[in-house]
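coords_17.pdb (PDB, C-alpha atoms and all ligand atoms) appears below.
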ATOM      1  CA  MET A   1     -10.315   0.702  14.556
ATOM      2  CA  ASP A   2      -7.115   0.267  12.591
ATOM      3  CA  VAL A   3      -6.732  -2.027   9.585
ATOM      4  CA  VAL A   4      -3.753  -3.101   7.456
ATOM      5  CA  LEU A   5      -4.117  -3.854   3.748
ATOM      6  CA  LEU A   6      -1.366  -6.271   2.674
ATOM      7  CA  GLY A   7      -0.338  -7.383  -0.784
ATOM      8  CA  ALA A   8       2.518  -7.416  -3.264
ATOM      9  CA  PRO A   9       3.316  -4.449  -5.518
ATOM     10  CA  GLY A  10       0.501  -4.403  -8.090
ATOM     11  CA  ALA A  11      -1.951  -6.420  -5.982
ATOM     12  CA  GLY A  12      -4.504  -3.588  -6.095
ATOM     13  CA  LYS A  13      -4.049  -2.034  -2.645
ATOM     14  CA  GLY A  14      -4.233   1.575  -3.811
ATOM     15  CA  THR A  15      -7.118   0.866  -6.193
ATOM     16  CA  GLN A  16      -9.198  -0.484  -3.332
ATOM     17  CA  ALA A  17      -7.982   1.504  -0.344
ATOM     18  CA  THR A  18      -9.496   4.911  -1.114
ATOM     19  CA  ALA A  19     -13.047   3.601  -1.487
ATOM     20  CA  VAL A  20     -12.800   1.015   1.285
ATOM     21  CA  ALA A  21     -11.424   3.588   3.752
ATOM     22  CA  ARG A  22     -14.247   5.985   2.909
ATOM     23  CA  GLU A  23     -16.836   3.230   3.293
ATOM     24  CA  VAL A  24     -15.683   2.193   6.781
ATOM     25  CA  GLY A  25     -14.739   5.708   7.944
ATOM     26  CA  LEU A  26     -10.945   5.360   8.143
ATOM     27  CA  LEU A  27      -8.078   7.578   6.991
ATOM     28  CA  HIS A  28      -6.233   6.039   4.014
ATOM     29  CA  LEU A  29      -2.498   6.169   4.747
ATOM     30  CA  ALA A  30      -0.212   5.016   1.901
ATOM     31  CA  THR A  31       3.497   5.150   2.702
ATOM     32  CA  GLY A  32       4.451   4.890  -1.006
ATOM     33  CA  ASP A  33       2.366   8.011  -1.757
ATOM     34  CA  MET A  34       3.928   9.796   1.226
ATOM     35  CA  PHE A  35       7.458   8.914   0.082
ATOM     36  CA  ARG A  36       6.700  10.106  -3.472
ATOM     37  CA  ASP A  37       5.611  13.450  -1.978
ATOM     38  CA  VAL A  38       8.849  13.609   0.043
ATOM     39  CA  VAL A  39      10.921  12.878  -3.076
ATOM     40  CA  ALA A  40       9.060  15.544  -5.093
ATOM     41  CA  ARG A  41      10.171  18.194  -2.569
ATOM     42  CA  ASP A  42      13.853  17.571  -3.405
ATOM     43  CA  THR A  43      15.206  18.088   0.128
ATOM     44  CA  PRO A  44      18.202  16.124   1.509
ATOM     45  CA  LEU A  45      15.679  13.632   2.921
ATOM     46  CA  GLY A  46      13.914  13.468  -0.452
ATOM     47  CA  ARG A  47      17.181  12.727  -2.229
ATOM     48  CA  GLU A  48      17.983   9.955   0.252
ATOM     49  CA  VAL A  49      14.548   8.354  -0.096
ATOM     50  CA  ARG A  50      14.720   8.569  -3.898
ATOM     51  CA  GLN A  51      17.845   6.398  -3.965
ATOM     52  CA  TYR A  52      15.996   3.502  -2.353
ATOM     53  CA  MET A  53      12.816   3.927  -4.354
ATOM     54  CA  GLU A  54      14.467   4.076  -7.739
ATOM     55  CA  ARG A  55      16.371   0.866  -7.029
ATOM     56  CA  GLY A  56      13.196  -0.891  -5.858
ATOM     57  CA  GLU A  57      14.604  -1.278  -2.340
ATOM     58  CA  LEU A  58      12.785  -0.565   0.901
ATOM     59  CA  VAL A  59      13.360   2.744   2.646
ATOM     60  CA  PRO A  60      15.045   1.951   6.010
ATOM     61  CA  ASP A  61      12.678   0.943   8.811
ATOM     62  CA  GLU A  62      13.607   3.774  11.187
ATOM     63  CA  LEU A  63      12.826   6.468   8.628
ATOM     64  CA  THR A  64       9.583   4.761   7.613
ATOM     65  CA  ILE A  65       8.351   4.188  11.150
ATOM     66  CA  GLN A  66       9.156   7.765  12.149
ATOM     67  CA  MET A  67       7.174   9.125   9.198
ATOM     68  CA  VAL A  68       4.144   6.955  10.047
ATOM     69  CA  VAL A  69       4.265   7.762  13.768
ATOM     70  CA  GLU A  70       4.310  11.493  12.997
ATOM     71  CA  ARG A  71       1.365  11.124  10.635
ATOM     72  CA  LEU A  72      -0.597   9.210  13.293
ATOM     73  CA  ARG A  73      -0.354  12.229  15.615
ATOM     74  CA  GLU A  74      -2.413  14.383  13.256
ATOM     75  CA  PRO A  75      -6.086  14.873  14.162
ATOM     76  CA  ASP A  76      -7.505  13.215  11.028
ATOM     77  CA  ALA A  77      -5.783   9.944  12.003
ATOM     78  CA  ALA A  78      -7.594   9.765  15.342
ATOM     79  CA  ARG A  79     -10.658   8.062  13.915
ATOM     80  CA  GLY A  80      -8.573   5.078  12.742
ATOM     81  CA  VAL A  81      -6.395   4.277   9.776
ATOM     82  CA  LEU A  82      -6.361   1.953   6.784
ATOM     83  CA  PHE A  83      -2.654   1.290   6.192
ATOM     84  CA  ASP A  84      -1.628   0.676   2.565
ATOM     85  CA  GLY A  85       1.955  -0.391   1.836
ATOM     86  CA  PHE A  86       2.847  -0.432   5.532
ATOM     87  CA  PRO A  87       4.104  -2.470   7.346
ATOM     88  CA  ARG A  88       6.488  -4.051   4.850
ATOM     89  CA  THR A  89       8.826  -5.749   7.372
ATOM     90  CA  VAL A  90       8.199  -7.631  10.609
ATOM     91  CA  HIS A  91      10.147  -4.889  12.383
ATOM     92  CA  GLN A  92       7.649  -2.299  11.071
ATOM     93  CA  ALA A  93       4.722  -4.534  12.082
ATOM     94  CA  VAL A  94       5.991  -4.862  15.649
ATOM     95  CA  ALA A  95       6.661  -1.116  15.849
ATOM     96  CA  LEU A  96       3.129  -0.400  14.631
ATOM     97  CA  ASP A  97       1.583  -2.692  17.238
ATOM     98  CA  GLU A  98       3.645  -1.096  19.998
ATOM     99  CA  HIS A  99       2.814   2.402  18.874
ATOM    100  CA  LEU A 100      -0.917   1.746  18.563
ATOM    101  CA  GLU A 101      -0.933   0.175  21.999
ATOM    102  CA  ARG A 102       0.720   3.284  23.440
ATOM    103  CA  MET A 103      -2.086   5.313  21.857
ATOM    104  CA  GLY A 104      -4.688   2.996  23.410
ATOM    105  CA  ARG A 105      -5.522   1.539  19.987
ATOM    106  CA  LEU A 106      -5.433  -1.912  18.479
ATOM    107  CA  LEU A 107      -4.933  -3.302  14.988
ATOM    108  CA  GLU A 108      -8.098  -5.266  14.418
ATOM    109  CA  ALA A 109      -7.666  -6.693  10.948
ATOM    110  CA  ALA A 110      -4.936  -7.396   8.406
ATOM    111  CA  VAL A 111      -6.387  -8.236   5.016
ATOM    112  CA  TYR A 112      -4.146  -9.856   2.420
ATOM    113  CA  LEU A 113      -4.897  -9.372  -1.287
ATOM    114  CA  ARG A 114      -3.636 -12.563  -2.916
ATOM    115  CA  VAL A 115      -2.442 -12.235  -6.562
ATOM    116  CA  ARG A 116      -0.107 -14.533  -8.547
ATOM    117  CA  GLU A 117       3.291 -13.206  -9.602
ATOM    118  CA  GLU A 118       2.663 -13.276 -13.380
ATOM    119  CA  VAL A 119      -0.531 -11.250 -12.886
ATOM    120  CA  LEU A 120       1.366  -8.738 -10.724
ATOM    121  CA  LEU A 121       3.904  -8.097 -13.487
ATOM    122  CA  ASP A 122       1.132  -7.522 -16.071
ATOM    123  CA  ARG A 123      -0.521  -5.060 -13.732
ATOM    124  CA  LEU A 124       2.671  -3.126 -12.947
ATOM    125  CA  SER A 125       3.779  -2.909 -16.586
ATOM    126  CA  GLY A 126       0.435  -1.358 -17.642
ATOM    127  CA  ARG A 127      -0.067   0.888 -14.622
ATOM    128  CA  TRP A 128      -0.488   4.648 -15.061
ATOM    129  CA  THR A 129      -0.433   6.882 -11.979
ATOM    130  CA  CYS A 130      -1.860  10.381 -11.486
ATOM    131  CA  GLN A 131       0.822  12.973 -10.858
ATOM    132  CA  SER A 132      -1.534  15.015  -8.646
ATOM    133  CA  CYS A 133      -3.631  12.587  -6.568
ATOM    134  CA  GLN A 134      -1.739   9.267  -7.122
ATOM    135  CA  ALA A 135      -4.859   7.417  -8.322
ATOM    136  CA  THR A 136      -3.866   4.484 -10.543
ATOM    137  CA  TYR A 137      -5.188   3.234 -13.870
ATOM    138  CA  HIS A 138      -4.318   0.370 -16.192
ATOM    139  CA  VAL A 139      -3.906   0.595 -19.922
ATOM    140  CA  LEU A 140      -6.053  -2.562 -20.397
ATOM    141  CA  PHE A 141      -7.798  -3.387 -17.113
ATOM    142  CA  GLN A 142      -8.852   0.064 -15.910
ATOM    143  CA  PRO A 143      -8.330   2.718 -18.614
ATOM    144  CA  PRO A 144      -9.132   6.357 -17.758
ATOM    145  CA  ALA A 145     -12.103   7.967 -19.540
ATOM    146  CA  ARG A 146      -9.748  10.425 -21.310
ATOM    147  CA  PRO A 147      -6.317   9.072 -22.324
ATOM    148  CA  GLY A 148      -3.519  10.450 -20.130
ATOM    149  CA  ARG A 149      -5.899  12.257 -17.714
ATOM    150  CA  CYS A 150      -7.046  11.283 -14.221
ATOM    151  CA  ASP A 151     -10.824  10.670 -13.943
ATOM    152  CA  ARG A 152     -10.800  11.829 -10.358
ATOM    153  CA  CYS A 153      -8.886  15.123 -10.544
ATOM    154  CA  GLY A 154      -7.931  15.750 -14.187
ATOM    155  CA  GLY A 155      -4.203  15.475 -13.373
ATOM    156  CA  ALA A 156      -1.647  14.135 -15.858
ATOM    157  CA  LEU A 157      -0.937  10.399 -15.785
ATOM    158  CA  TYR A 158       2.640   9.049 -15.837
ATOM    159  CA  GLN A 159       4.365   5.670 -15.644
ATOM    160  CA  ARG A 160       6.250   5.277 -12.381
ATOM    161  CA  PRO A 161       9.945   4.670 -13.159
ATOM    162  CA  ASP A 162      10.001   1.830 -10.617
ATOM    163  CA  ASP A 163       7.226   0.045 -12.577
ATOM    164  CA  GLN A 164       9.700  -0.691 -15.391
ATOM    165  CA  ARG A 165      10.201  -4.404 -15.624
ATOM    166  CA  GLU A 166      13.681  -4.712 -14.111
ATOM    167  CA  THR A 167      12.808  -2.640 -11.040
ATOM    168  CA  ALA A 168       9.381  -4.265 -10.724
ATOM    169  CA  VAL A 169      11.026  -7.709 -10.619
ATOM    170  CA  ARG A 170      13.412  -6.404  -7.946
ATOM    171  CA  ARG A 171      10.466  -5.050  -5.902
ATOM    172  CA  LEU A 172       8.728  -8.415  -6.048
ATOM    173  CA  LYS A 173      11.922 -10.108  -4.793
ATOM    174  CA  VAL A 174      12.122  -7.630  -1.929
ATOM    175  CA  TYR A 175       8.444  -8.297  -1.218
ATOM    176  CA  PHE A 176       8.938 -12.075  -1.002
ATOM    177  CA  GLU A 177      11.971 -11.707   1.238
ATOM    178  CA  HIS A 178      10.862  -8.950   3.624
ATOM    179  CA  THR A 179       7.078  -8.583   3.466
ATOM    180  CA  LEU A 180       5.766 -12.161   3.208
ATOM    181  CA  PRO A 181       6.935 -12.836   6.793
ATOM    182  CA  VAL A 182       4.572 -10.038   7.877
ATOM    183  CA  LEU A 183       1.656 -12.291   6.816
ATOM    184  CA  GLU A 184       2.839 -14.971   9.211
ATOM    185  CA  TYR A 185       3.201 -12.385  11.944
ATOM    186  CA  TYR A 186      -0.466 -11.381  11.563
ATOM    187  CA  ARG A 187      -1.596 -14.974  11.110
ATOM    188  CA  GLY A 188       0.035 -15.723  14.463
ATOM    189  CA  ARG A 189      -1.864 -12.828  16.010
ATOM    190  CA  GLY A 190      -5.127 -14.230  14.627
ATOM    191  CA  VAL A 191      -6.080 -11.071  12.699
ATOM    192  CA  LEU A 192      -5.229 -12.171   9.139
ATOM    193  CA  ARG A 193      -7.916 -12.523   6.453
ATOM    194  CA  GLU A 194      -7.243 -13.427   2.818
ATOM    195  CA  VAL A 195      -9.056 -12.123  -0.239
ATOM    196  CA  ASN A 196      -8.633 -13.282  -3.847
ATOM    197  CA  GLY A 197      -7.184 -10.185  -5.540
ATOM    198  CA  GLU A 198      -7.554 -11.554  -9.078
ATOM    199  CA  ARG A 199     -11.291 -10.974  -9.421
ATOM    200  CA  ASP A 200     -12.653  -7.795 -11.044
ATOM    201  CA  ILE A 201     -12.228  -4.542  -9.102
ATOM    202  CA  ALA A 202     -15.823  -4.360  -7.810
ATOM    203  CA  SER A 203     -15.833  -7.984  -6.593
ATOM    204  CA  VAL A 204     -12.502  -7.541  -4.803
ATOM    205  CA  ARG A 205     -13.913  -4.441  -3.108
ATOM    206  CA  ALA A 206     -16.991  -6.311  -1.874
ATOM    207  CA  ASP A 207     -14.838  -9.206  -0.611
ATOM    208  CA  LEU A 208     -12.500  -6.795   1.189
ATOM    209  CA  LEU A 209     -15.375  -5.049   2.946
ATOM    210  CA  ARG A 210     -16.815  -8.409   3.936
ATOM    211  CA  ALA A 211     -13.438  -9.530   5.352
ATOM    212  CA  ILE A 212     -13.085  -6.330   7.406
ATOM    213  CA  ARG A 213     -16.643  -6.630   8.710
ATOM    214  CA  GLN A 214     -16.063 -10.223   9.749
ATOM    215  CA  ARG A 215     -13.397  -8.918  12.105
ATOM    216  CA  VAL A 216     -15.162  -5.654  13.018
ATOM    217  CA  PRO A 217     -18.938  -6.150  12.644
ATOM    218  CA  GLN A 218     -19.854  -2.590  13.712
ATOM    219  CA  VAL A 219     -18.433  -0.822  10.590
TER     220      VAL A 219
HETATM  221  P1  LIG B 301       3.358  -0.474  -4.672
HETATM  222  O1  LIG B 301       2.058   0.295  -4.672
HETATM  223  O2  LIG B 301       3.762  -0.842  -6.043
HETATM  224  O3  LIG B 301       3.345  -1.633  -3.746
HETATM  225  P2  LIG B 301       4.369   1.701  -3.081
HETATM  226  O4  LIG B 301       3.865   2.915  -3.756
HETATM  227  O5  LIG B 301       3.631   1.211  -1.895
HETATM  228  O6  LIG B 301       4.473   0.539  -4.178
HETATM  229  O7  LIG B 301       5.881   1.888  -2.663
HETATM  230  C1  LIG B 301       6.842   2.412  -3.563
HETATM  231  C2  LIG B 301       8.212   2.404  -2.904
HETATM  232  O8  LIG B 301       8.196   3.227  -1.730
HETATM  233  C3  LIG B 301       8.693   1.053  -2.422
HETATM  234  O9  LIG B 301       9.298   0.276  -3.460
HETATM  235  C4  LIG B 301       9.696   1.470  -1.342
HETATM  236  O10 LIG B 301      10.897   1.942  -1.922
HETATM  237  C5  LIG B 301       9.000   2.659  -0.713
HETATM  238  N1  LIG B 301       8.137   2.252   0.416
HETATM  239  C6  LIG B 301       6.786   2.385   0.489
HETATM  240  N2  LIG B 301       6.308   1.922   1.661
HETATM  241  C7  LIG B 301       7.384   1.469   2.364
HETATM  242  C8  LIG B 301       7.557   0.854   3.633
HETATM  243  N3  LIG B 301       6.505   0.588   4.447
HETATM  244  N4  LIG B 301       8.815   0.523   4.017
HETATM  245  C9  LIG B 301       9.876   0.775   3.238
HETATM  246  N5  LIG B 301       9.778   1.344   2.028
HETATM  247  C10 LIG B 301       8.556   1.690   1.572
HETATM  248  P1  LIG B 302      -0.792  -1.597  -5.462
HETATM  249  O1  LIG B 302      -1.227  -0.316  -4.790
HETATM  250  O2  LIG B 302      -1.124  -2.814  -4.650
HETATM  251  O3  LIG B 302       0.625  -1.588  -5.900
HETATM  252  P2  LIG B 302      -2.602  -0.727  -7.613
HETATM  253  O4  LIG B 302      -3.876  -0.514  -6.880
HETATM  254  O5  LIG B 302      -1.856   0.453  -8.070
HETATM  255  O6  LIG B 302      -1.652  -1.758  -6.797
HETATM  256  O7  LIG B 302      -2.949  -1.656  -8.886
HETATM  257  C1  LIG B 302      -1.913  -2.092  -9.773
HETATM  258  C2  LIG B 302      -2.429  -2.034 -11.216
HETATM  259  O8  LIG B 302      -3.406  -3.059 -11.403
HETATM  260  C3  LIG B 302      -3.099  -0.731 -11.585
HETATM  261  O9  LIG B 302      -2.758  -0.441 -12.921
HETATM  262  C4  LIG B 302      -4.597  -1.018 -11.435
HETATM  263  O10 LIG B 302      -5.367  -0.258 -12.356
HETATM  264  C5  LIG B 302      -4.674  -2.499 -11.776
HETATM  265  N1  LIG B 302      -5.685  -3.249 -10.994
HETATM  266  C6  LIG B 302      -5.980  -3.094  -9.686
HETATM  267  N2  LIG B 302      -6.933  -3.979  -9.289
HETATM  268  C7  LIG B 302      -7.234  -4.732 -10.389
HETATM  269  C8  LIG B 302      -8.149  -5.828 -10.634
HETATM  270  N3  LIG B 302      -8.926  -6.328  -9.660
HETATM  271  N4  LIG B 302      -8.169  -6.345 -11.873
HETATM  272  C9  LIG B 302      -7.374  -5.844 -12.857
HETATM  273  N5  LIG B 302      -6.495  -4.832 -12.689
HETATM  274  C10 LIG B 302      -6.419  -4.265 -11.478
HETATM  275 ZN    ZN B 303      -5.759  12.421  -9.987
END

Show the structure stored in the file as structure tokens.
Ligand code: ADP
Ligand code: ADP
Ligand code: ZN
Amino acid sequence: MDVVLLGAPGAGKGTQATAVAREVGLLHLATGDMFRDVVARDTPLGREVRQYMERGELVPDELTIQMVVERLREPDAARGVLFDGFPRTVHQAVALDEHLERMGRLLEAAVYLRVREEVLLDRLSGRWTCQSCQATYHVLFQPPARPGRCDRCGGALYQRPDDQRETAVRRLKVYFEHTLPVLEYYRGRGVLREVNGERDIASVRADLLRAIRQRVPQV
């Protein structure tokens, strides 16, 4: 089984994906986390990727698709994947479908976390991210037990530079232009489910699991 988790920047994809993936036995694959790891290595590729990320633009499709396809070849991806932050363009969505088909797999559900724009900006402006494991917190909505420290791994928390207001607004624009059409693509395929992403974290999680199980009753 393969599942896509869709939603704007700040919708709560990362917050939900780790636990949901564990619950249904999938690998959590977050392209944003993967790109941040690439950038941290400061190679020529890392420097190229950083230029897009710091402007709030999408990394080019070919680079993104290649990175995902390589990751899908690894043994821990064989049991199925929960995609977070991918696909972000219709081109990526088509490439994913084609690639899964070649592997004898099928995307069975695309779940969309619906959150209004003003709520997204409040979430991004108060988000703190773990430098080590990339878990996210919120200064008001989900504070860590110890200020500045990750509950999960003890790592230091930082504010992502692209969460600053100007870049966050740019990312939302990019989302509306390039990623919203992906919803229509999945709606057309009959695999799209919508979940209200504005409820509390536990309720959203329960709704997400229910939506996935409506499509795939055996998990
Ligand atoms: P958020 O969690 O706020 O939605 P991500 O961590 O998923 O943000 O992504 C951060 C940045 O990484 C994006 O703004 C973009 O530059 C790049 N990125 C992540 N996933 C993709 C993708 N599928 N296609 C192109 N660029 C991507
Ligand atoms: P995404 O991965 O979709 O960009 P995150 O999971 O990082 O989004 O969540 C964005 C911010 O909103 C984080 O600071 C997180 O703590 C907070 N958040 C996530 N889900 C909720 C929720 N249901 N209610 C309130 N705040 C939330
Ligand atoms: Zn951590």

As an exercise, work out the distance from atom CA of His178 of chain A to atom CA of Ile201 of chain A in Å and give it to one decimal place. 26.7 Å

Residues of chain A that have any atom at most 9 Å from an atom of ligand LIG 301 (chain B): could you tabulate them with the shortest-distance atom pair and the distance in Å to one decimal, using all atoms listed in the file, ordered by chain and increasing number, as CSV?
residue,atom,partner,partner_atom,distance
A:Gly7,CA,B:LIG301,O3,7.4
A:Ala8,CA,B:LIG301,O3,5.9
A:Pro9,CA,B:LIG301,O3,3.3
A:Gly10,CA,B:LIG301,O2,5.2
A:Ala11,CA,B:LIG301,O3,7.5
A:Gly12,CA,B:LIG301,O1,7.8
A:Lys13,CA,B:LIG301,O1,6.8
A:Gly14,CA,B:LIG301,O1,6.5
A:Ala30,CA,B:LIG301,O5,6.6
A:Thr31,CA,B:LIG301,N2,4.4
A:Gly32,CA,B:LIG301,O4,3.4
A:Asp33,CA,B:LIG301,O4,5.7
A:Met34,CA,B:LIG301,C6,8.0
A:Phe35,CA,B:LIG301,O8,6.0
A:Arg36,CA,B:LIG301,O8,7.3
A:Val49,CA,B:LIG301,O10,7.6
A:Arg50,CA,B:LIG301,O10,7.9
A:Gln51,CA,B:LIG301,O10,8.5
A:Tyr52,CA,B:LIG301,O10,5.3
A:Met53,CA,B:LIG301,O10,3.7
A:Glu54,CA,B:LIG301,O10,7.2
A:Arg55,CA,B:LIG301,O10,7.6
A:Gly56,CA,B:LIG301,O9,4.7
A:Glu57,CA,B:LIG301,O10,4.9
A:Leu58,CA,B:LIG301,N5,3.7
A:Val59,CA,B:LIG301,N5,3.9
A:Pro60,CA,B:LIG301,C9,6.0
A:Asp61,CA,B:LIG301,N4,6.2
A:Leu63,CA,B:LIG301,C9,8.4
A:Thr64,CA,B:LIG301,N4,5.6
A:Ile65,CA,B:LIG301,N3,7.8
A:Val68,CA,B:LIG301,N3,8.8
A:Asp84,CA,B:LIG301,O5,6.9
A:Gly85,CA,B:LIG301,O5,4.4
A:Phe86,CA,B:LIG301,N3,3.9
A:Pro87,CA,B:LIG301,N3,4.8
A:Arg88,CA,B:LIG301,N3,4.7
A:Thr89,CA,B:LIG301,N4,7.1
A:Gln92,CA,B:LIG301,N3,7.3
A:Leu124,CA,B:LIG301,O2,7.4
A:Asp162,CA,B:LIG301,O9,7.4
A:Asp163,CA,B:LIG301,O2,7.4
A:Thr167,CA,B:LIG301,O9,8.8
A:Ala168,CA,B:LIG301,O2,8.1
A:Arg171,CA,B:LIG301,O9,6.0
A:Leu172,CA,B:LIG301,O3,9.0
A:Val174,CA,B:LIG301,O9,8.5
A:Tyr175,CA,B:LIG301,O3,8.8

Find the smallest box with edges along x, y and z containing every listed atom of ligand LIG 302 (chain B), then add 6 Å on each side and report centre and edge lengths in Å to one decimal, as JSON.
{"center_x": -4.2, "center_y": -2.9, "center_z": -8.8, "size_x": 21.6, "size_y": 18.8, "size_z": 20.3}

Written as a list in words, what is the full residue list that the PyMOL selection byres (((chain A and resi 121) around 8) and not hetatm) yields on the file shown?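 After applying the PyMOL selection byres (((chain A and resi 121) around 8) and not hetatm), what remains is Gly10, Glu117, Glu118, Val119, Leu120, Asp122, Arg123, Leu124, Ser125, Arg165, Ala168 and Val169 of chain A.
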
Using all atoms listed in the file, find each protein or nucleic acid residue lying at most 8 Å from ligand ZN 303 (chain B); present the set as a PyMOL selection string. chain A and resi 129-135+149-157

I want to know what sits within 7 Å of Tyr112 of chain A, based on only C-alpha atoms, with residues of the same chain fewer than 5 positions away left out; could you give that as a ChimeraX atom specification? /A:5-7,193-195

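Our summary of the geometry notes that atom CA of Thr15 of chain A is positioned 18.1 Å from atom CA of Arg146 of chain A.
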
To one decimal in Å, tell me the separation between atom CA of Arg102 of chain A and atom CA of Arg73 of chain A. 11.9 Å

Write out as a PyMOL selection string which residues come within 12 Å of Gly190 of chain A when counting only C-alpha atoms, dropping same-chain ones fewer than 3 positions away. chain A and resi 107-111+183-187+193+215

Please determine, counting only C-alpha atoms and all ligand atoms, which residue among A:Ala95, A:Ala77, A:Val69, A:Val204 has the shortest atom-to-atom distance to ligand LIG 302 (chain B).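 Checking each of A:Ala95, A:Ala77, A:Val69, A:Val204 against ligand LIG 302 (chain B), counting only C-alpha atoms and all ligand atoms, the winner is A:Val204.
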
Which residue gives the smallest distance to ligand LIG 302 (chain B) among A:Val4, A:Val139, A:Val216, A:Val182, with all atoms listed in the file counted?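 So, comparing all the options, the nearest one is A:Val139.
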
Using only C-alpha atoms and all ligand atoms, pick whichever of A:His28, A:His91, A:Arg71, A:Arg105 has the shortest atom-to-atom distance to ligand LIG 302 (chain B).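 Counting only C-alpha atoms and all ligand atoms, the residue closest to ligand LIG 302 (chain B) is A:His28.
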
Ranking A:Leu72, A:Leu45, A:Ala19, A:Met67 by minimum distance to ligand LIG 302 (chain B) and counting all atoms listed in the file, which one comes first?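 With all atoms listed in the file as the atom set, the closest residue is A:Ala19.
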
In terms of the shortest atom-to-atom distance over all atoms listed in the file, which of A:Gln218, A:Leu192, A:Leu209, A:Met103 is closest to Glu23 of chain A?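 Going through A:Gln218, A:Leu192, A:Leu209, A:Met103 one by one, the smallest distance to Glu23 of chain A is for A:Leu209.
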
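With all atoms listed in the file as the atoms that count, the residue of A:Phe83, A:Tyr158, A:Phe176, A:Tyr137 with the shortest distance to ligand LIG 302 (chain B) is A:Tyr137.
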
Since fewer atoms than expected are present, regenerate N, CA, C and O atoms for segment 28-40 of chain A and write them as a JSON list (two decimals), in the frame of the given file.
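Once written, part.json looks like this:
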[["chain", "number", "residue", "atom", "x", "y", "z"],
["A", 28, "HIS", "N", -7.09, 6.86, 4.87],
["A", 28, "HIS", "CA", -6.23, 6.04, 4.01],
["A", 28, "HIS", "C", -4.80, 6.57, 4.10],
["A", 28, "HIS", "O", -4.54, 7.71, 3.73],
["A", 29, "LEU", "N", -3.90, 5.75, 4.60],
["A", 29, "LEU", "CA", -2.50, 6.17, 4.75],
["A", 29, "LEU", "C", -1.61, 5.25, 3.90],
["A", 29, "LEU", "O", -1.45, 4.07, 4.22],
["A", 30, "ALA", "N", -1.05, 5.80, 2.82],
["A", 30, "ALA", "CA", -0.21, 5.02, 1.90],
["A", 30, "ALA", "C", 1.22, 5.52, 1.98],
["A", 30, "ALA", "O", 1.52, 6.64, 1.56],
["A", 31, "THR", "N", 2.12, 4.69, 2.51],
["A", 31, "THR", "CA", 3.50, 5.15, 2.70],
["A", 31, "THR", "C", 4.19, 5.41, 1.36],
["A", 31, "THR", "O", 5.01, 6.33, 1.27],
["A", 32, "GLY", "N", 3.85, 4.64, 0.32],
["A", 32, "GLY", "CA", 4.45, 4.89, -1.01],
["A", 32, "GLY", "C", 4.08, 6.28, -1.50],
["A", 32, "GLY", "O", 4.93, 7.03, -2.01],
["A", 33, "ASP", "N", 2.80, 6.67, -1.35],
["A", 33, "ASP", "CA", 2.37, 8.01, -1.76],
["A", 33, "ASP", "C", 3.10, 9.08, -0.94],
["A", 33, "ASP", "O", 3.53, 10.11, -1.46],
["A", 34, "MET", "N", 3.25, 8.81, 0.37],
["A", 34, "MET", "CA", 3.93, 9.80, 1.23],
["A", 34, "MET", "C", 5.39, 9.95, 0.80],
["A", 34, "MET", "O", 5.91, 11.07, 0.72],
["A", 35, "PHE", "N", 6.05, 8.83, 0.51],
["A", 35, "PHE", "CA", 7.46, 8.91, 0.08],
["A", 35, "PHE", "C", 7.58, 9.62, -1.26],
["A", 35, "PHE", "O", 8.53, 10.38, -1.49],
["A", 36, "ARG", "N", 6.62, 9.40, -2.19],
["A", 36, "ARG", "CA", 6.70, 10.11, -3.47],
["A", 36, "ARG", "C", 6.55, 11.62, -3.27],
["A", 36, "ARG", "O", 7.18, 12.41, -3.96],
["A", 37, "ASP", "N", 5.73, 12.02, -2.30],
["A", 37, "ASP", "CA", 5.61, 13.45, -1.98],
["A", 37, "ASP", "C", 6.93, 13.99, -1.41],
["A", 37, "ASP", "O", 7.35, 15.10, -1.74],
["A", 38, "VAL", "N", 7.57, 13.20, -0.54],
["A", 38, "VAL", "CA", 8.85, 13.61, 0.04],
["A", 38, "VAL", "C", 9.89, 13.79, -1.06],
["A", 38, "VAL", "O", 10.62, 14.79, -1.11],
["A", 39, "VAL", "N", 9.94, 12.84, -1.99],
["A", 39, "VAL", "CA", 10.92, 12.88, -3.08],
["A", 39, "VAL", "C", 10.68, 14.10, -3.97],
["A", 39, "VAL", "O", 11.61, 14.78, -4.39],
["A", 40, "ALA", "N", 9.40, 14.42, -4.21],
["A", 40, "ALA", "CA", 9.06, 15.54, -5.09],
["A", 40, "ALA", "C", 9.55, 16.86, -4.51],
["A", 40, "ALA", "O", 9.78, 17.82, -5.26]]
